[in-house]
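Enquirer: Would you mind keeping the following structure in view while I ask a few things?
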Amino acid sequence: MFEQRKLQVLYEDNHLIAVNKRSGDISQGDKTGDKPLGDFVKDYIKEKYKKPGDVFLGVIHRIDRPTSGVLLFARTSKALERMNKQFKEKKVQKTYWAITKNAPSEEKGSLHNYLLKLPKGNVSRAYANAVSGSKEASLDYLIKAKSDRYHLLEIKPHTGRHHQIRVQLSKINCPIKGDLKYGADRPNRDRSICLHARAVEFIHPVKKELLRIEACAPEDKLWQAFEKMLR
């Protein structure tokens with residue numbers, strides 16, 4: 001029964017379904033053997049629509065396990081193929097929120113690096129210039145709000161590299177709160193990192209209409225305080 005895992009469904013039609021991923025959920029199966037979020041979505045569809053047999057669900061993109069926010073799935077092979085094409089052609093605009101203790105030197109700006117995924121530790125390293133095996137990475141950022149101790153940044157990545165936002169912010173001495181892997185001074189109690197996939201915007205693969213899907217911030221005092229500031 002899908003009730004064993006309550007989903008926050010953000011958008012749903014015959015072609016796509018989007019959910020607000022919690023920190024700790026995995027986008028698809030990995031070596032841990034934990035049940036991926038996609039399987040819970042399949043349970044939900046199967047139960048809601050009384051579908052016999054297997055349910056088709058295509059994984060369109062991924063979000064790091066400790067990250068929360070919008071995760072999009074395809075309900076048909078046609079939608080999956082067309083959405084994969086949009087992602088490949090960089091026609092999907094993703095917006096992230098990140099909480100950092102340190103602030104960038106400028107209120108808004110762009111970061112451009114070359115990222116190299118290291119063979120050990122599941123980490124990437126950012127370089128100012130290209131090195132062997134590195135991939136170009138760029139993003140825009142804006143400081144959206146400030147508290148006494150933290151800053152809320154809005155991030156718009158132009159590329160989709162391994163741990164891109166995490167490593168690029170760390171490179172400018174602005175590690176994400178809770179992200180021990182990239183320089184945070186302490187973990188969050190729930191082992192999350194304060195990185196949230198706030199929104200995705202794209203052309204619907206079948207209806208051909210502009211669609212923007214947003215996910216509310218996690219139910220955490222700091223996140224909620226920042227979200228309240230922006231209302």
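Following the order of the structure tokens, first chain is A, next is B, and so on, with residues numbered from 1 inside each chain and ligands from 1 in the order they appear.
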Near region 70-73 of chain A, within 6 Å and counting only C-alpha atoms, which residues show up once chain neighbours fewer than 3 positions away are dropped, as a list in words?

Expert: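 Final neighbour list, sorted by chain and number: Leu16, Ile17, Ala18, Val19, Asn20, Gly58, Val59, Ile60, Ala197 and Ala215 of chain A.
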
Enquirer: Write out as a ChimeraX atom specification all residues of region 36-191 of chain A that DSSP puts in strand (DSSP E) for this structure's backbone.

Expert: /A:58-59,68-74,93-100,108-117,124-127,135-146,151-157

Enquirer: What lies within 10 Å of Lys181 (chain A) using only C-alpha atoms, ignoring chain neighbours under 4 positions off, as a ChimeraX atom specification?

Expert: /A:121-124,166-167,170,175-176,185,187,193

Enquirer: Hey, can you spit out that residue selection with N, CA and C atoms as a PDB file, in the first residue's frame?

Expert:
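As written to disk, again_10.pdb reads:
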```pdb
ATOM      1  N   GLY A 121      35.554   8.690  -2.426  1.00  0.00           N
ATOM      2  CA  GLY A 121      34.817   9.584  -1.550  1.00  0.00           C
ATOM      3  C   GLY A 121      33.583  10.231  -2.136  1.00  0.00           C
ATOM      4  N   ASN A 122      33.259   9.929  -3.403  1.00  0.00           N
ATOM      5  CA  ASN A 122      32.070  10.512  -4.040  1.00  0.00           C
ATOM      6  C   ASN A 122      32.050  12.031  -3.887  1.00  0.00           C
ATOM      7  N   VAL A 123      33.140  12.679  -4.272  1.00  0.00           N
ATOM      8  CA  VAL A 123      33.260  14.135  -4.196  1.00  0.00           C
ATOM      9  C   VAL A 123      33.797  14.678  -5.517  1.00  0.00           C
ATOM     10  N   SER A 124      33.573  15.963  -5.712  1.00  0.00           N
ATOM     11  CA  SER A 124      34.146  16.668  -6.856  1.00  0.00           C
ATOM     12  C   SER A 124      35.014  17.811  -6.347  1.00  0.00           C
ATOM     13  N   ARG A 166      27.106  22.467  -4.592  1.00  0.00           N
ATOM     14  CA  ARG A 166      27.797  22.253  -3.332  1.00  0.00           C
ATOM     15  C   ARG A 166      29.276  22.599  -3.441  1.00  0.00           C
ATOM     16  N   VAL A 167      29.924  22.113  -4.489  1.00  0.00           N
ATOM     17  CA  VAL A 167      31.365  22.327  -4.620  1.00  0.00           C
ATOM     18  C   VAL A 167      31.686  23.748  -5.077  1.00  0.00           C
ATOM     19  N   SER A 170      31.335  26.004  -2.054  1.00  0.00           N
ATOM     20  CA  SER A 170      32.459  25.734  -1.153  1.00  0.00           C
ATOM     21  C   SER A 170      33.732  26.404  -1.654  1.00  0.00           C
ATOM     22  N   PRO A 175      30.298  27.227   2.115  1.00  0.00           N
ATOM     23  CA  PRO A 175      29.725  25.879   2.124  1.00  0.00           C
ATOM     24  C   PRO A 175      28.280  25.891   2.608  1.00  0.00           C
ATOM     25  N   ILE A 176      27.500  24.981   2.078  1.00  0.00           N
ATOM     26  CA  ILE A 176      26.092  24.876   2.447  1.00  0.00           C
ATOM     27  C   ILE A 176      25.969  24.340   3.872  1.00  0.00           C
ATOM     28  N   ASP A 185      30.862  23.439   9.074  1.00  0.00           N
ATOM     29  CA  ASP A 185      31.537  23.197  10.355  1.00  0.00           C
ATOM     30  C   ASP A 185      30.809  22.211  11.251  1.00  0.00           C
ATOM     31  N   PRO A 187      27.196  19.176  11.303  1.00  0.00           N
ATOM     32  CA  PRO A 187      26.092  18.562  10.551  1.00  0.00           C
ATOM     33  C   PRO A 187      24.743  19.101  11.012  1.00  0.00           C
ATOM     34  N   ILE A 193      21.388  18.409   4.121  1.00  0.00           N
ATOM     35  CA  ILE A 193      22.122  19.631   3.860  1.00  0.00           C
ATOM     36  C   ILE A 193      21.095  20.673   3.431  1.00  0.00           C
TER      37      ILE A 193
END
```

Enquirer: Write out as a PyMOL selection string each polymer residue whose atoms come within 8 Å of region 156-163 of chain A, counting only C-alpha atoms; drop sequence neighbours fewer than 5 positions from it.

Expert: chain A and resi 64+90+93-96+115+117+123-124+135-141

Enquirer: For Thr76 (chain A), work out the shell of residues within 9 Å, counting only C-alpha atoms and skipping chain neighbours fewer than 3 positions away, then give it as a VMD selection string.

Expert: chain A and resid 14 to 16 56 to 58 79 to 81

Enquirer: Assign secondary structure with DSSP using the backbone only, and return the residues of region 17-161 of chain A in alpha helix (DSSP H) as a list in words.

Expert: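 Those in region 17-161 of chain A that DSSP calls alpha helix (DSSP H) are Leu37, Gly38, Asp39, Phe40, Val41, Lys42, Asp43, Tyr44, Ile45, Lys46, Glu47, Lys48, Ser77, Lys78, Ala79, Leu80, Glu81, Arg82, Met83, Asn84, Lys85, Gln86, Phe87 and Lys88 of chain A.
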